[in-house]
>>> print(open('run-v9.txt').read())   # compact mmCIF, C-alpha atoms
# COMPACT_ATOMS: atom_id res chain seq x y z
CA MET A 1 -24.92 -47.05 -75.67
CA VAL A 2 -25.14 -48.18 -72.06
CA VAL A 3 -23.11 -46.28 -69.52
CA GLU A 4 -22.16 -48.37 -66.52
CA THR A 5 -22.16 -46.60 -63.20
CA THR A 6 -20.66 -47.82 -59.94
CA THR A 7 -21.68 -46.80 -56.47
CA PRO A 8 -18.71 -45.78 -54.33
CA ARG A 9 -18.17 -48.33 -51.58
CA VAL A 10 -18.59 -46.96 -48.06
CA THR A 11 -15.98 -48.62 -45.90
CA PRO A 12 -16.50 -49.11 -42.14
CA LEU A 13 -13.83 -46.46 -41.49
CA ILE A 14 -15.63 -43.86 -43.63
CA ARG A 15 -18.92 -44.79 -41.97
CA GLN A 16 -17.39 -44.33 -38.52
CA ARG A 17 -15.92 -40.95 -39.48
CA ARG A 18 -19.33 -39.82 -40.70
CA ARG A 19 -20.97 -40.95 -37.45
CA ALA A 20 -18.33 -39.14 -35.38
CA ALA A 21 -18.70 -35.98 -37.48
CA GLY A 22 -22.48 -36.15 -37.12
CA LEU A 23 -22.24 -36.54 -33.37
CA ILE A 24 -19.80 -33.61 -33.12
CA ALA A 25 -22.20 -31.44 -35.14
CA VAL A 26 -25.22 -32.42 -33.00
CA CYS A 27 -23.36 -31.80 -29.74
CA ALA A 28 -22.01 -28.45 -30.99
CA VAL A 29 -25.50 -27.23 -31.92
CA ALA A 30 -26.97 -28.46 -28.61
CA LEU A 31 -24.16 -26.81 -26.68
CA VAL A 32 -24.70 -23.46 -28.39
CA LEU A 33 -28.45 -23.59 -27.62
CA LEU A 34 -27.81 -24.54 -23.99
CA ALA A 35 -25.21 -21.76 -23.65
CA ILE A 36 -27.73 -19.19 -24.90
CA LEU A 37 -30.30 -20.49 -22.41
CA ALA A 38 -27.72 -20.36 -19.61
CA ILE A 39 -26.91 -16.68 -20.09
CA ALA A 40 -30.55 -15.66 -20.67
CA SER A 41 -32.16 -17.59 -17.77
CA GLY A 42 -32.18 -16.76 -14.09
CA GLU A 43 -33.77 -14.48 -11.51
CA VAL A 44 -33.08 -11.55 -13.81
CA ARG A 45 -34.81 -12.74 -16.96
CA MET A 46 -33.81 -11.11 -20.22
CA PRO A 47 -34.64 -11.67 -23.89
CA VAL A 48 -32.10 -13.73 -25.83
CA PRO A 49 -30.95 -10.79 -28.05
CA SER A 50 -30.33 -8.67 -24.92
CA ALA A 51 -28.45 -11.52 -23.22
CA LEU A 52 -26.26 -12.03 -26.29
CA ARG A 53 -25.48 -8.32 -26.49
CA ALA A 54 -24.73 -8.26 -22.76
CA ALA A 55 -22.28 -11.15 -23.18
CA PHE A 56 -20.25 -8.84 -25.44
CA GLY A 57 -20.57 -5.87 -23.06
CA ILE A 58 -23.30 -4.09 -25.06
CA GLY A 59 -26.63 -2.86 -23.69
CA ASP A 60 -28.01 -2.21 -20.23
CA PRO A 61 -25.15 -2.01 -17.67
CA GLY A 62 -27.12 -4.09 -15.15
CA GLU A 63 -27.66 -6.90 -17.67
CA VAL A 64 -24.01 -6.74 -18.74
CA TYR A 65 -22.93 -7.09 -15.10
CA VAL A 66 -25.23 -10.06 -14.43
CA VAL A 67 -24.20 -11.93 -17.59
CA GLN A 68 -20.47 -11.23 -17.49
CA GLU A 69 -19.86 -11.56 -13.74
CA PHE A 70 -22.26 -14.37 -12.76
CA ARG A 71 -23.63 -16.40 -15.65
CA ALA A 72 -20.66 -16.44 -18.04
CA PRO A 73 -18.07 -17.80 -15.54
CA ARG A 74 -20.55 -20.46 -14.41
CA LEU A 75 -21.18 -21.46 -18.03
CA VAL A 76 -17.47 -21.60 -18.91
CA ALA A 77 -16.75 -23.63 -15.75
CA GLY A 78 -19.44 -26.14 -16.76
CA LEU A 79 -18.11 -26.40 -20.30
CA ILE A 80 -14.52 -27.03 -19.24
CA ALA A 81 -15.36 -29.33 -16.32
CA GLY A 82 -17.76 -31.46 -18.39
CA ALA A 83 -15.33 -31.80 -21.29
CA GLY A 84 -12.37 -32.50 -18.99
CA LEU A 85 -14.15 -35.17 -16.96
CA ALA A 86 -15.52 -36.94 -20.04
CA ILE A 87 -12.17 -36.99 -21.85
CA ALA A 88 -10.38 -38.15 -18.68
CA GLY A 89 -12.91 -40.97 -18.31
CA ALA A 90 -12.47 -42.05 -21.94
CA VAL A 91 -8.68 -42.16 -21.67
CA LEU A 92 -8.74 -44.06 -18.36
CA GLN A 93 -11.13 -46.66 -19.79
CA ARG A 94 -8.78 -47.18 -22.72
CA LEU A 95 -5.69 -47.34 -20.49
CA PHE A 96 -7.21 -49.89 -18.10
CA ARG A 97 -9.35 -51.57 -20.78
CA ASN A 98 -12.24 -51.53 -18.36
CA PRO A 99 -15.58 -49.74 -18.76
CA LEU A 100 -15.75 -49.04 -15.01
CA ALA A 101 -12.50 -47.07 -14.96
CA SER A 102 -13.20 -43.37 -14.47
CA PRO A 103 -11.82 -40.62 -12.22
CA ASP A 104 -14.84 -40.68 -9.90
CA VAL A 105 -14.77 -44.47 -9.51
CA MET A 106 -11.01 -44.86 -9.03
CA GLY A 107 -10.50 -42.17 -6.39
CA VAL A 108 -9.03 -39.35 -8.47
CA THR A 109 -11.90 -36.90 -7.94
CA GLY A 110 -12.03 -37.95 -4.27
CA GLY A 111 -8.37 -37.00 -3.93
CA ALA A 112 -8.98 -33.74 -5.78
CA SER A 113 -11.85 -32.97 -3.38
CA LEU A 114 -9.67 -33.64 -0.35
CA GLY A 115 -6.92 -31.39 -1.71
CA ALA A 116 -9.37 -28.59 -2.50
CA VAL A 117 -11.09 -28.81 0.88
CA LEU A 118 -7.74 -28.75 2.69
CA VAL A 119 -6.84 -25.59 0.76
CA LEU A 120 -10.16 -24.01 1.79
CA ALA A 121 -9.63 -25.09 5.40
CA ALA A 122 -6.18 -23.50 5.39
CA GLY A 123 -7.74 -20.21 4.26
CA ALA A 124 -5.66 -20.09 1.07
CA GLY A 125 -8.53 -18.65 -1.02
CA GLN A 126 -10.66 -19.84 -3.93
CA THR A 127 -7.96 -19.21 -6.55
CA SER A 128 -5.72 -21.82 -4.89
CA ILE A 129 -8.33 -24.60 -5.28
CA PRO A 130 -6.97 -25.85 -8.66
CA LEU A 131 -3.52 -26.34 -7.13
CA GLY A 132 -4.96 -28.16 -4.12
CA ALA A 133 -7.17 -30.33 -6.34
CA LEU A 134 -4.24 -31.21 -8.58
CA GLY A 135 -2.14 -32.24 -5.58
CA GLY A 136 -4.99 -34.30 -4.15
CA GLY A 137 -5.64 -36.05 -7.46
CA LEU A 138 -1.97 -37.00 -7.83
CA PHE A 139 -1.95 -38.25 -4.22
CA ALA A 140 -4.93 -40.51 -5.00
CA ALA A 141 -3.21 -41.84 -8.12
CA ILE A 142 -0.06 -42.64 -6.13
CA LEU A 143 -2.17 -44.32 -3.44
CA LEU A 144 -3.94 -46.41 -6.07
CA GLY A 145 -0.62 -47.39 -7.61
CA VAL A 146 0.86 -48.44 -4.28
CA LEU A 147 -2.21 -50.43 -3.21
CA GLY A 148 -3.09 -52.05 -6.50
CA TRP A 149 -1.06 -51.52 -9.58
CA ARG A 150 2.40 -52.44 -8.33
CA SER A 151 1.10 -55.62 -6.72
CA GLY A 152 -0.09 -56.81 -10.13
CA LEU A 153 -3.82 -57.05 -9.40
CA PRO A 154 -6.15 -57.81 -12.33
CA VAL A 155 -7.76 -54.72 -13.80
CA LEU A 156 -11.24 -55.44 -12.37
CA ARG A 157 -9.81 -55.81 -8.85
CA LEU A 158 -7.79 -52.66 -9.38
CA VAL A 159 -11.07 -50.85 -10.04
CA LEU A 160 -12.43 -52.26 -6.78
CA VAL A 161 -9.33 -50.94 -4.99
CA GLY A 162 -10.11 -47.58 -6.62
CA LEU A 163 -13.63 -47.72 -5.18
CA ALA A 164 -12.17 -48.33 -1.73
CA VAL A 165 -9.73 -45.42 -2.18
CA GLN A 166 -12.61 -43.17 -3.28
CA ALA A 167 -14.67 -44.14 -0.22
CA GLY A 168 -11.75 -43.55 2.13
CA LEU A 169 -10.99 -40.14 0.63
CA ALA A 170 -14.69 -39.17 0.81
CA ALA A 171 -14.63 -40.02 4.51
CA ALA A 172 -11.51 -37.87 4.95
CA VAL A 173 -13.26 -34.98 3.18
CA ASN A 174 -16.24 -35.26 5.54
CA LEU A 175 -13.89 -35.33 8.52
CA VAL A 176 -12.20 -32.12 7.38
CA VAL A 177 -15.53 -30.44 6.65
CA VAL A 178 -16.98 -31.13 10.11
CA ARG A 179 -13.87 -29.48 11.58
CA PHE A 180 -14.55 -26.35 9.47
CA PRO A 181 -15.72 -23.11 11.03
CA LYS A 182 -19.50 -22.96 10.68
CA GLU A 183 -19.39 -20.12 8.16
CA LEU A 184 -17.25 -22.21 5.79
CA ALA A 185 -18.81 -25.65 6.27
CA GLY A 186 -21.91 -24.92 4.17
CA ALA A 187 -19.91 -23.71 1.19
CA ALA A 188 -17.54 -26.65 1.45
CA MET A 189 -20.38 -29.17 1.61
CA GLN A 190 -22.02 -27.65 -1.46
CA TRP A 191 -18.74 -27.80 -3.37
CA THR A 192 -18.10 -31.44 -2.42
CA ALA A 193 -21.58 -32.33 -3.72
CA GLY A 194 -20.55 -31.03 -7.14
CA SER A 195 -21.66 -27.48 -7.81
CA LEU A 196 -20.99 -24.68 -10.28
CA TYR A 197 -22.55 -22.06 -8.00
CA GLY A 198 -20.53 -18.92 -7.37
CA ARG A 199 -17.74 -19.54 -9.88
CA THR A 200 -15.74 -16.36 -10.52
CA TRP A 201 -13.42 -15.36 -13.36
CA PRO A 202 -10.21 -15.57 -11.24
CA GLU A 203 -11.00 -19.22 -10.43
CA VAL A 204 -12.21 -20.10 -13.91
CA ARG A 205 -9.44 -18.34 -15.81
CA GLY A 206 -6.61 -20.18 -14.08
CA ALA A 207 -8.27 -23.59 -14.42
CA VAL A 208 -9.12 -23.00 -18.09
CA ILE A 209 -5.49 -22.15 -18.93
CA ALA A 210 -4.24 -25.20 -17.02
CA CYS A 211 -6.84 -27.49 -18.68
CA ALA A 212 -5.86 -26.17 -22.12
CA LEU A 213 -2.19 -27.02 -21.48
CA VAL A 214 -3.11 -30.51 -20.24
CA LEU A 215 -5.35 -31.11 -23.27
CA ILE A 216 -2.50 -30.13 -25.60
CA ALA A 217 -0.24 -32.62 -23.77
CA LEU A 218 -2.93 -35.28 -24.16
CA ALA A 219 -3.35 -34.54 -27.88
CA VAL A 220 0.39 -34.97 -28.36
CA GLN A 221 0.17 -38.39 -26.70
CA HIS A 222 -2.95 -39.57 -28.55
CA ARG A 223 -0.96 -41.45 -31.19
CA THR A 224 0.74 -43.42 -28.40
CA LEU A 225 -2.65 -44.12 -26.84
CA ALA A 226 -3.90 -45.47 -30.16
CA VAL A 227 -0.89 -47.81 -30.38
CA LEU A 228 -1.50 -49.01 -26.80
CA ASP A 229 -5.06 -49.93 -27.88
CA LEU A 230 -3.47 -52.67 -30.00
CA GLY A 231 -2.18 -54.44 -26.89
CA ASP A 232 1.05 -54.26 -24.90
CA GLU A 233 2.93 -56.81 -27.00
CA SER A 234 2.00 -55.14 -30.28
CA ALA A 235 2.84 -51.69 -28.87
CA ALA A 236 6.24 -52.92 -27.68
CA THR A 237 6.87 -54.45 -31.11
CA LEU A 238 6.17 -51.04 -32.66
CA GLY A 239 8.79 -49.44 -30.41
CA VAL A 240 6.63 -47.99 -27.63
CA ALA A 241 7.99 -48.13 -24.08
CA VAL A 242 4.70 -49.42 -22.68
CA SER A 243 5.11 -48.79 -18.93
CA ALA A 244 6.53 -45.28 -19.38
CA ALA A 245 3.84 -44.38 -21.93
CA ARG A 246 1.06 -45.63 -19.64
CA LEU A 247 2.50 -43.66 -16.71
CA ARG A 248 2.69 -40.43 -18.74
CA LEU A 249 -0.87 -40.85 -19.99
CA LEU A 250 -2.12 -41.69 -16.51
CA LEU A 251 -0.50 -38.59 -14.96
CA THR A 252 -1.88 -36.39 -17.75
CA THR A 253 -5.36 -37.83 -17.25
CA VAL A 254 -5.21 -37.41 -13.48
CA ALA A 255 -4.19 -33.77 -13.94
CA LEU A 256 -7.11 -33.16 -16.32
CA ALA A 257 -9.67 -34.81 -14.03
CA SER A 258 -8.33 -32.96 -10.96
CA LEU A 259 -8.52 -29.56 -12.67
CA ALA A 260 -12.05 -30.33 -13.86
CA ALA A 261 -12.98 -31.30 -10.30
CA ALA A 262 -11.49 -28.02 -9.08
CA LEU A 263 -14.04 -26.16 -11.21
CA ALA A 264 -17.16 -28.18 -10.46
CA GLY A 265 -16.40 -30.42 -7.49
CA PRO A 266 -16.47 -34.23 -7.68
CA VAL A 267 -19.32 -34.45 -10.21
CA SER A 268 -20.17 -38.09 -10.83
CA PHE A 269 -21.54 -39.92 -13.90
CA VAL A 270 -20.04 -37.63 -16.57
CA ALA A 271 -16.62 -39.32 -16.73
CA LEU A 272 -18.14 -42.79 -16.38
CA ALA A 273 -21.06 -42.71 -18.80
CA VAL A 274 -20.27 -40.23 -21.56
CA PRO A 275 -17.46 -42.34 -23.12
CA HIS A 276 -19.88 -45.30 -23.29
CA LEU A 277 -22.58 -43.23 -24.93
CA VAL A 278 -20.15 -41.85 -27.50
CA ARG A 279 -18.83 -45.34 -28.23
CA MET A 280 -22.38 -46.58 -28.79
CA LEU A 281 -23.19 -43.71 -31.15
CA ALA A 282 -19.89 -43.16 -32.97
CA GLY A 283 -18.00 -46.44 -32.74
CA PRO A 284 -14.51 -47.40 -31.51
CA PRO A 285 -12.20 -44.72 -30.04
CA THR A 286 -10.37 -42.38 -32.39
CA ALA A 287 -9.22 -38.77 -32.20
CA ALA A 288 -12.63 -37.71 -33.60
CA THR A 289 -14.59 -39.69 -31.01
CA LEU A 290 -12.38 -38.22 -28.26
CA ALA A 291 -13.36 -34.74 -29.48
CA ALA A 292 -17.00 -35.85 -29.57
CA THR A 293 -16.61 -37.15 -26.00
CA GLY A 294 -15.42 -33.73 -24.80
CA LEU A 295 -18.32 -31.96 -26.50
CA ALA A 296 -20.84 -34.49 -25.17
CA GLY A 297 -19.48 -34.14 -21.62
CA ALA A 298 -19.73 -30.36 -21.79
CA THR A 299 -23.27 -30.59 -23.18
CA LEU A 300 -24.35 -33.02 -20.46
CA LEU A 301 -22.94 -31.00 -17.56
CA VAL A 302 -24.32 -27.67 -18.80
CA GLY A 303 -27.71 -29.33 -19.43
CA CYS A 304 -27.75 -30.89 -15.95
CA ASP A 305 -26.79 -27.55 -14.39
CA LEU A 306 -29.69 -25.83 -16.16
CA THR A 307 -31.98 -28.63 -14.93
CA ALA A 308 -30.77 -28.16 -11.34
CA GLN A 309 -31.22 -24.38 -11.55
CA HIS A 310 -34.54 -24.02 -13.32
CA LEU A 311 -36.46 -27.27 -13.82
CA LEU A 312 -36.43 -28.76 -10.31
CA PRO A 313 -38.33 -27.07 -7.46
CA ILE A 314 -35.33 -27.00 -5.10
CA GLU A 315 -33.35 -23.81 -4.74
CA GLY A 316 -29.56 -24.13 -4.82
CA LEU A 317 -29.56 -27.78 -5.90
CA PRO A 318 -25.97 -28.82 -6.81
CA VAL A 319 -25.50 -30.16 -10.32
CA GLY A 320 -23.79 -33.24 -8.85
CA VAL A 321 -27.12 -34.35 -7.38
CA VAL A 322 -28.69 -34.41 -10.84
CA THR A 323 -25.79 -36.29 -12.44
CA ALA A 324 -25.64 -38.78 -9.55
CA THR A 325 -29.38 -39.45 -9.82
CA VAL A 326 -28.91 -40.48 -13.43
CA GLY A 327 -25.53 -42.13 -12.90
CA ALA A 328 -26.37 -44.52 -10.06
CA PRO A 329 -28.52 -46.90 -12.16
CA TRP A 330 -26.03 -46.63 -15.01
CA LEU A 331 -23.17 -47.73 -12.71
CA LEU A 332 -25.29 -50.64 -11.47
CA ILE A 333 -25.95 -51.81 -15.04
CA LEU A 334 -22.26 -51.64 -15.90
CA MET A 335 -21.24 -53.62 -12.79
CA LEU A 336 -23.85 -56.29 -13.57
CA ARG A 337 -22.51 -56.56 -17.11
CA GLU A 338 -18.95 -56.82 -15.78
CA SER A 339 -19.94 -59.65 -13.42
CA GLY A 340 -21.72 -61.56 -16.21
CA PRO A 341 -20.61 -65.03 -17.40
CA ALA A 342 -18.61 -63.73 -20.38
CA HIS A 343 -16.55 -61.38 -18.25
CA ARG A 344 -16.02 -63.97 -15.50
CA ARG A 345 -14.53 -66.32 -18.08
CA ASN A 346 -12.11 -63.60 -19.16
CA ALA A 347 -11.14 -62.57 -15.61
>>> encode(input="run-v9.txt", output="structure tokens")
Amino acid sequence: MVVETTTPRVTPLIRQRRRAAGLIAVCAVALVLLAILAIASGEVRMPVPSALRAAFGIGDPGEVYVVQEFRAPRLVAGLIAGAGLAIAGAVLQRLFRNPLASPDVMGVTGGASLGAVLVLAAGAGQTSIPLGALGGGLFAAILLGVLGWRSGLPVLRLVLVGLAVQAGLAAAVNLVVVRFPKELAGAAMQWTAGSLYGRTWPEVRGAVIACALVLIALAVQHRTLAVLDLGDESAATLGVAVSAARLRLLLTTVALASLAAALAGPVSFVALAVPHLVRMLAGPPTAATLAATGLAGATLLVGCDLTAQHLLPIEGLPVGVVTATVGAPWLLILMLRESGPAHRRNA
């Protein structure tokens, strides 16, 4: 008697889910290892078991103080900022259907920087930075809308308008910084270069709570984002008010990017490149790939911060310098691809 067996067919959707799940697992493991390194490494070196005990308030009081008051808030700030920037970049690229769309290219992080620096200049204190960054990011979004969106510019030109807005806001930040008192100018310059140095729990706690609320709002809107991926006409046919939905998603994304910038400064590359890498590894955007994007962004920023702290022979190097060094050639490659013959025909 011959028993016939059939091999279950693996559909493209199942294959994509497996790839996304694999990427999430890899990023989660890498993030845990990097987090352990982050709390165990530094001027006060300690064995990993001691560092882990200190993270939970157990062991030598000096080690507990170092881990809980200095290394843990820096690590949490890197996690949240990396995840927030990467997710904001992924959503903006889907909204504008352009691989160059990201908060640091379109002026959002520049506006957040200006808002944060103005708060510092006014002497409002570090805990007010998230509020200033949020206001600055929304101002940049409004400016971009007035200059580009409402006039009906093509998406690629809208991105170029965003680049101009980002450059103008960066110049405004420099103007404010040079007017700073000397004792504040150094700290402000380091922050505007993108740095996780000196993060404290009062700053991190407020931004983490705000980011969590914004992420919940974004998760609620993800189904609408998926419908918008089908195209405006199809989305309207399915009952979605396209303009209102895009505006809500844009404001949510700007808020997320601004809060992330409040934690780490205007760190470049993460929001631009991570969504591309995740798309290459896990396929088209879904809720799972968006989660993978957040984990990959957190992994990248924490890894770059460890590189800036311990692998390069420059003391106090901001993490934004490391990400920008990697991101500059990546941006050039993307712009060359966008200006290629295929894209020119579609413009």
>>> closest_atom_pairs(input="run-v9.txt", of="segment 21-125 of chain A", to="segment 237-258 of chain A", cutoff="8 Å", atoms="only C-alpha atoms", output="CSV")
residue,atom,partner,partner_atom,distance
A:Gly84,CA,A:Leu256,CA,5.9
A:Leu85,CA,A:Ala257,CA,5.4
A:Ala88,CA,A:Thr253,CA,5.2
A:Val91,CA,A:Thr253,CA,7.0
A:Leu92,CA,A:Thr253,CA,7.2
A:Leu95,CA,A:Arg246,CA,7.0
A:Pro103,CA,A:Ala257,CA,6.5
A:Val108,CA,A:Val254,CA,6.6
A:Thr109,CA,A:Ser258,CA,6.1
A:Ala112,CA,A:Ser258,CA,5.3
>>> closest_residue(input="run-v9.txt", among="A:Gly57, A:Pro99, A:Pro284, A:Gly194", to="Asp305 of chain A", atoms="all atoms listed in the file")
A:Gly194
>>> atom_distance(input="run-v9.txt", atom1="atom CA of Gly89 of chain A", atom2="atom CA of Val278 of chain A")
11.7 Å
>>> atom_distance(input="run-v9.txt", atom1="atom CA of Ile36 of chain A", atom2="atom CA of Arg53 of chain A")
11.2 Å
>>> closest_residue(input="run-v9.txt", among="A:Ala164, A:Val26, A:Val44, A:Ala273", to="Gln93 of chain A", atoms="only C-alpha atoms")
A:Ala273
>>> atom_distance(input="run-v9.txt", atom1="atom CA of Leu272 of chain A", atom2="atom CA of Ala101 of chain A")
7.2 Å
>>> closest_residue(input="run-v9.txt", among="A:Leu175, A:Ala81, A:Leu100, A:Leu118", to="Ala210 of chain A", atoms="all atoms listed in the file")
A:Ala81
>>> residues_around(input="run-v9.txt", residues="segment 14-20 of chain A", least_positions_apart="6", cutoff="7 Å", atoms="only C-alpha atoms", output="PyMOL selection string")
chain A and resi 282-283+288-289+292
>>> residues_near_point(input="run-v9.txt", point="(-7.5, -22.7, -7.9)", cutoff="9 Å", atoms="only C-alpha atoms", output="ChimeraX atom specification")
/A:116,125-133,202-204,206-207,259,262-263
